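Source file: model39.txt. Holds: compact mmCIF, C-alpha atoms.
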```
# COMPACT_ATOMS: atom_id res chain seq x y z
CA MET A 17 0.00 0.00 0.00
CA ALA A 18 1.11 3.58 -0.69
CA LEU A 19 1.83 5.59 2.43
CA PHE A 20 -0.50 8.43 1.40
CA SER A 21 -4.02 8.33 -0.04
CA SER A 22 -4.94 9.58 -3.50
CA SER A 23 -6.68 12.95 -3.92
CA THR A 24 -9.14 11.28 -6.30
CA GLN A 25 -10.12 8.75 -3.65
CA THR A 26 -10.15 10.82 -0.44
CA ILE A 27 -10.08 14.53 0.38
CA PRO A 28 -6.61 15.49 1.65
CA VAL A 29 -6.08 17.62 4.71
CA THR A 30 -4.67 20.97 3.57
CA GLY A 31 -3.23 24.05 5.22
CA ASP A 32 -1.85 27.50 4.47
CA ILE A 33 1.61 26.07 3.84
CA PRO A 34 1.92 23.39 1.15
CA GLN A 35 2.99 20.07 2.60
CA HIS A 36 4.65 19.16 -0.71
CA ILE A 37 6.04 21.50 -3.40
CA ALA A 38 7.17 20.23 -6.80
CA VAL A 39 9.28 22.44 -9.08
CA ILE A 40 10.37 22.50 -12.71
CA MET A 41 13.49 24.66 -12.59
CA ASP A 42 13.35 26.22 -16.06
CA GLY A 43 15.33 29.09 -17.54
CA ASN A 44 18.97 28.41 -16.68
CA GLY A 45 20.14 28.56 -20.28
CA ARG A 46 18.16 31.70 -21.08
CA TRP A 47 19.46 33.38 -17.94
CA ALA A 48 23.03 32.77 -19.11
CA LYS A 49 22.30 33.83 -22.70
CA LYS A 50 20.90 37.17 -21.52
CA ARG A 51 24.25 37.79 -19.84
CA PHE A 52 26.32 36.60 -22.83
CA LEU A 53 27.52 33.63 -20.80
CA PRO A 54 27.66 29.95 -21.80
CA ARG A 55 24.55 27.94 -20.88
CA VAL A 56 26.53 26.00 -18.30
CA ALA A 57 26.93 29.20 -16.26
CA GLY A 58 23.18 29.25 -15.84
CA HIS A 59 23.15 25.67 -14.62
CA LYS A 60 25.85 26.46 -12.06
CA ARG A 61 23.86 29.42 -10.78
CA GLY A 62 20.79 27.18 -10.68
CA VAL A 63 22.48 24.88 -8.16
CA GLU A 64 22.98 27.86 -5.83
CA VAL A 65 19.26 28.65 -6.07
CA VAL A 66 18.41 25.05 -5.20
CA ARG A 67 20.38 25.48 -1.97
CA GLU A 68 18.38 28.62 -1.12
CA VAL A 69 14.99 27.09 -1.95
CA VAL A 70 15.75 24.05 0.20
CA ARG A 71 16.47 26.43 3.08
CA LEU A 72 13.27 28.39 2.47
CA CYS A 73 11.14 25.25 2.39
CA ALA A 74 12.67 23.95 5.60
CA ASN A 75 12.16 27.29 7.34
CA HIS A 76 8.52 27.56 6.21
CA GLY A 77 7.56 24.09 7.37
CA VAL A 78 7.28 22.44 3.96
CA LYS A 79 7.76 18.71 4.46
CA TYR A 80 8.53 17.59 0.88
CA LEU A 81 10.31 19.37 -1.96
CA THR A 82 10.63 17.65 -5.34
CA LEU A 83 12.86 19.11 -8.06
CA PHE A 84 12.90 18.14 -11.75
CA ALA A 85 16.64 18.17 -12.46
CA PHE A 86 16.92 16.12 -15.65
CA SER A 87 14.05 14.67 -17.68
CA SER A 88 14.05 11.55 -19.82
CA GLU A 89 13.69 13.92 -22.80
CA ASN A 90 16.74 16.00 -21.85
CA TRP A 91 18.98 13.40 -23.52
CA ARG A 92 17.93 15.16 -26.74
CA ARG A 93 20.02 18.20 -25.78
CA PRO A 94 23.55 18.70 -27.17
CA ALA A 95 25.89 15.95 -25.92
CA ASP A 96 28.30 18.40 -24.28
CA GLU A 97 25.49 20.01 -22.27
CA VAL A 98 24.16 16.63 -21.15
CA SER A 99 27.66 15.62 -20.06
CA PHE A 100 28.07 18.86 -18.13
CA LEU A 101 24.71 18.45 -16.38
CA LEU A 102 25.53 14.93 -15.23
CA ASN A 103 28.98 15.99 -14.04
CA LEU A 104 27.42 18.93 -12.23
CA PHE A 105 24.98 16.58 -10.57
CA MET A 106 27.84 14.38 -9.38
CA GLU A 107 29.70 17.43 -8.09
CA ALA A 108 26.60 18.69 -6.26
CA LEU A 109 26.15 15.32 -4.58
CA GLN A 110 29.74 15.36 -3.39
CA GLN A 111 29.50 18.90 -2.03
CA GLU A 112 25.96 19.10 -0.66
CA VAL A 113 25.08 15.75 0.90
CA GLY A 114 27.05 16.44 4.08
CA LYS A 115 25.24 19.76 4.52
CA LEU A 116 21.86 18.13 3.92
CA ASP A 117 22.67 15.50 6.52
CA GLU A 118 23.72 18.13 9.06
CA ASN A 119 20.39 19.89 8.57
CA ASN A 120 18.29 16.73 9.05
CA ILE A 121 17.23 16.64 5.38
CA CYS A 122 16.45 13.31 3.75
CA LEU A 123 17.59 13.05 0.11
CA ARG A 124 15.75 10.78 -2.33
CA MET A 125 16.33 10.25 -6.06
CA ILE A 126 13.72 9.13 -8.55
CA GLY A 127 14.17 8.20 -12.20
CA ASP A 128 15.73 5.58 -14.44
CA CYS A 129 19.40 5.24 -13.48
CA SER A 130 20.17 2.59 -16.11
CA ARG A 131 21.86 5.08 -18.46
CA PHE A 132 24.12 6.61 -15.82
CA ASP A 133 27.78 5.89 -15.23
CA PRO A 134 28.19 3.33 -12.40
CA ALA A 135 30.13 5.89 -10.36
CA LEU A 136 27.12 8.22 -10.39
CA VAL A 137 24.75 5.39 -9.48
CA ASP A 138 26.99 4.50 -6.54
CA LYS A 139 27.15 8.12 -5.40
CA ILE A 140 23.35 8.40 -5.52
CA ALA A 141 23.01 5.26 -3.38
CA GLU A 142 25.57 6.57 -0.89
CA ALA A 143 23.81 9.93 -0.61
CA GLU A 144 20.42 8.32 -0.01
CA ALA A 145 21.85 5.95 2.58
CA GLN A 146 23.66 8.74 4.43
CA THR A 147 20.48 10.81 4.86
CA ALA A 148 17.90 8.01 5.09
CA SER A 149 17.26 8.38 8.83
CA ASN A 150 16.71 12.15 8.72
CA ASP A 151 13.13 13.20 9.46
CA GLY A 152 13.11 16.88 8.49
CA LEU A 153 12.46 18.04 4.94
CA THR A 154 12.46 15.27 2.31
CA LEU A 155 14.25 16.56 -0.79
CA THR A 156 13.54 14.49 -3.90
CA VAL A 157 15.54 15.05 -7.08
CA ALA A 158 14.11 13.64 -10.31
CA VAL A 159 16.94 12.61 -12.65
CA ASN A 160 16.28 10.89 -15.99
CA TYR A 161 12.66 10.90 -14.89
CA GLY A 162 9.47 10.96 -16.93
CA GLY A 163 5.88 10.73 -15.73
CA ARG A 164 4.92 8.16 -18.37
CA TRP A 165 8.00 6.08 -17.54
CA ASP A 166 6.97 6.20 -13.88
CA ILE A 167 3.49 4.85 -14.55
CA MET A 168 4.83 2.17 -16.92
CA GLN A 169 7.49 0.94 -14.50
CA ALA A 170 4.92 0.88 -11.70
CA MET A 171 2.57 -1.21 -13.83
CA LYS A 172 5.33 -3.66 -14.79
CA ARG A 173 6.44 -4.11 -11.19
CA LEU A 174 2.88 -4.54 -9.93
CA LEU A 175 2.07 -7.24 -12.48
CA ALA A 176 5.41 -8.98 -11.96
CA GLU A 177 4.97 -9.15 -8.18
CA LYS A 178 1.18 -9.59 -8.06
CA PRO A 179 0.04 -11.19 -11.34
CA GLY A 180 -3.24 -12.14 -9.74
CA LEU A 181 -4.26 -8.46 -9.74
CA ALA A 182 -4.01 -8.13 -13.54
CA GLN A 183 -7.79 -7.85 -13.94
CA SER A 184 -8.69 -6.14 -10.69
CA PHE A 185 -6.00 -3.82 -9.35
CA THR A 186 -6.93 -0.46 -7.78
CA GLU A 187 -5.37 2.99 -7.70
CA SER A 188 -3.87 2.16 -4.32
CA ASP A 189 -2.32 -1.03 -5.67
CA LEU A 190 -0.57 0.84 -8.47
CA ALA A 191 0.34 3.90 -6.38
CA ALA A 192 2.44 1.72 -4.10
CA TYR A 193 4.83 1.10 -7.02
CA LEU A 194 5.16 4.69 -8.22
CA SER A 195 8.47 6.43 -7.63
CA MET A 196 7.01 8.81 -5.05
CA HIS A 197 4.94 6.30 -3.07
CA TYR A 198 6.62 7.66 0.10
CA ALA A 199 5.27 11.21 -0.29
CA PRO A 200 1.86 12.90 -0.43
CA GLU A 201 0.79 14.31 -3.78
CA PRO A 202 2.18 17.84 -4.38
CA ASP A 203 -0.03 20.62 -3.06
CA LEU A 204 1.79 23.22 -5.16
CA PHE A 205 3.54 22.86 -8.51
CA ILE A 206 5.87 25.69 -9.54
CA ARG A 207 7.37 26.19 -12.98
CA THR A 208 9.78 29.04 -13.59
CA GLY A 209 10.85 30.47 -16.93
CA GLY A 210 7.51 31.45 -18.43
CA GLU A 211 6.46 28.12 -19.98
CA GLN A 212 3.03 26.83 -18.96
CA ARG A 213 3.16 23.06 -19.20
CA ILE A 214 4.12 20.18 -16.91
CA SER A 215 6.50 18.49 -19.39
CA ASN A 216 5.96 14.85 -18.42
CA PHE A 217 6.63 15.54 -14.72
CA LEU A 218 4.68 13.63 -12.03
CA LEU A 219 1.73 13.03 -14.34
CA TRP A 220 -0.07 10.81 -11.83
CA GLN A 221 0.75 12.86 -8.75
CA LEU A 222 -0.24 16.32 -10.08
CA ALA A 223 -3.92 15.40 -10.50
CA TYR A 224 -5.13 17.99 -7.94
CA SER A 225 -2.04 20.13 -7.43
CA GLU A 226 -2.31 23.89 -7.62
CA LEU A 227 -0.27 25.09 -10.62
CA TYR A 228 1.86 28.24 -10.40
CA PHE A 229 3.72 29.59 -13.43
CA THR A 230 6.11 32.52 -13.31
CA GLU A 231 8.13 34.39 -15.93
CA THR A 232 11.06 34.51 -13.51
CA LEU A 233 13.99 32.42 -14.69
CA TRP A 234 15.19 29.82 -12.20
CA PRO A 235 18.53 31.54 -11.41
CA ASP A 236 16.52 34.63 -10.38
CA PHE A 237 14.05 32.71 -8.19
CA ASP A 238 14.70 34.24 -4.78
CA GLU A 239 12.91 34.51 -1.43
CA ALA A 240 10.51 37.16 -2.72
CA GLU A 241 9.53 34.92 -5.64
CA PHE A 242 9.10 31.97 -3.30
CA LYS A 243 6.78 33.98 -1.07
CA ARG A 244 4.75 35.10 -4.12
CA ALA A 245 4.22 31.46 -5.04
CA ILE A 246 3.12 30.62 -1.50
CA ALA A 247 0.78 33.64 -1.43
CA SER A 248 -0.78 32.53 -4.72
CA TYR A 249 -1.33 29.07 -3.26
CA GLN A 250 -2.99 30.54 -0.18
CA ARG A 251 -5.53 32.35 -2.37
CA ARG A 252 -6.65 29.14 -4.05
CA GLU A 253 -9.90 27.40 -3.15
CA ARG A 254 -9.02 23.71 -3.01
CA ARG A 255 -12.30 21.92 -3.65
CA PHE A 256 -11.21 18.45 -4.83
CA GLY A 257 -14.41 18.06 -6.85
CA ARG A 258 -16.72 19.69 -4.31
CA THR A 259 -18.59 23.01 -4.56
CA SER A 260 -17.69 26.23 -2.79
CA GLU A 261 -20.86 25.90 -0.72
CA GLN A 262 -19.70 22.54 0.58
CA LEU A 263 -16.45 24.10 1.76
CA VAL A 264 -18.37 26.73 3.73
CA ALA A 265 -20.54 24.03 5.28
CA ASP A 266 -17.45 22.16 6.44
```
Target encoding structure tokens, full file:
Amino acid sequence: MALFSSSTQTIPVTGDIPQHIAVIMDGNGRWAKKRFLPRVAGHKRGVEVVREVVRLCANHGVKYLTLFAFSSENWRRPADEVSFLLNLFMEALQQEVGKLDENNICLRMIGDCSRFDPALVDKIAEAEAQTASNDGLTLTVAVNYGGRWDIMQAMKRLLAEKPGLAQSFTESDLAAYLSMHYAPEPDLFIRTGGEQRISNFLLWQLAYSELYFTETLWPDFDEAEFKRAIASYQRRERRFGRTSEQLVAD
């Protein structure tokens, strides 16, 4: 069984602060281009912003933060940029995991690691193991992740382990095999950079998330921008299929 119930099956308990925030960190390359810098400079700056957003989430009482770092479609980018991104990811793991551990942050990775260098796979496993017992903020990084891949791998694992459910499985049965079975569905989805799409990210889990799009490029996403996103979320009426009148009655 999944640890958390589905928003299409039960009505989640919500509050003024999102329990779970998911982010597509878009705009690194454009940020660098505007400054006549190589795209990789934007990615480096983006890592610094990740550090700040993790701090902000922890300080505001957010329990889960999920970041889309590298999608299954990002392999289509120029080979040198892909290589840089993966090397940057390795470097970030080496530099940041100790700090995450010191601050009681649990690090999780989701995605298909089969295309990664074994050294990176080992480093991911080490980072997860080092922070596994921490019970503060859970930081999830999606690397070589795609929402359709997630649903497909969950289905394959479910049918392999429980073939008897082939004709009668439920949402809960499948949800237990999804990459983020350990976390509640995101309350708030943020995408920076001006694009207004979810780009194959957490397709199952975003069913009832509040969507927030901003023109701000990820390297410019600061505390003020974070608070604007939270304020937007707090103005939303989260009905989960009900009417406004039913909310008043509750």
Quiz prompt | stretch 106-108 of chain A environment, 7 Å, all atoms listed in the file, sequence neighbours closer than 4 positions dropped, as a PyMOL selection string | solution = chain A and resi 102+112+136
Practice problem: Considering all atoms listed in the file, state which residue in the set A:Gly152, A:Gly114, A:Gly62, A:Gly209 is at the smallest distance from A:Tyr228. | Solution: A:Gly209
Quiz item: Any idea what's packed within 12 Å of A:Glu64, counting only C-alpha atoms, ignoring anything in its chain fewer than 4 positions away? Could you give it as a PyMOL selection string?
Solution: chain A and resi 44+57-60+68-71+104+108+111-112+234-238
Practice problem: Report the distance between atom CA of A:Met168 and atom CA of A:Leu222 in Å, rounded to one decimal place. | Solution: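 One can read the atom CA of A:Met168 to atom CA of A:Leu222 distance as 16.5 Å.
Considering the residues A:Lys243, A:Arg164, A:Arg55, A:Arg254 and counting only C-alpha atoms, A:Cys73 has its shortest atom-to-atom contact with A:Lys243.
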Quiz prompt | Shortest interatomic distance to A:Lys79 - which of A:Ile37, A:Ala223, A:Ile126, A:Leu204, counting all atoms listed in the file | solution =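 Ranking A:Ile37, A:Ala223, A:Ile126, A:Leu204 by distance to A:Lys79, first place goes to A:Ile37.
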Quiz item: So which residues touch A:Val157 within 8 Å, counting only C-alpha atoms, skipping near sequence neighbours fewer than 3 positions away, as a list in words?
Solution: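 Residues meeting the cut-off are Thr82, Leu83, Phe84, Ala85, Leu123, Arg124, Met125 and Ile126 of chain A.
Distances to A:Arg251 were evaluated for A:Ser87, A:Glu226, A:Pro94, A:Lys139 using all atoms listed in the file, and the minimum falls at A:Glu226.
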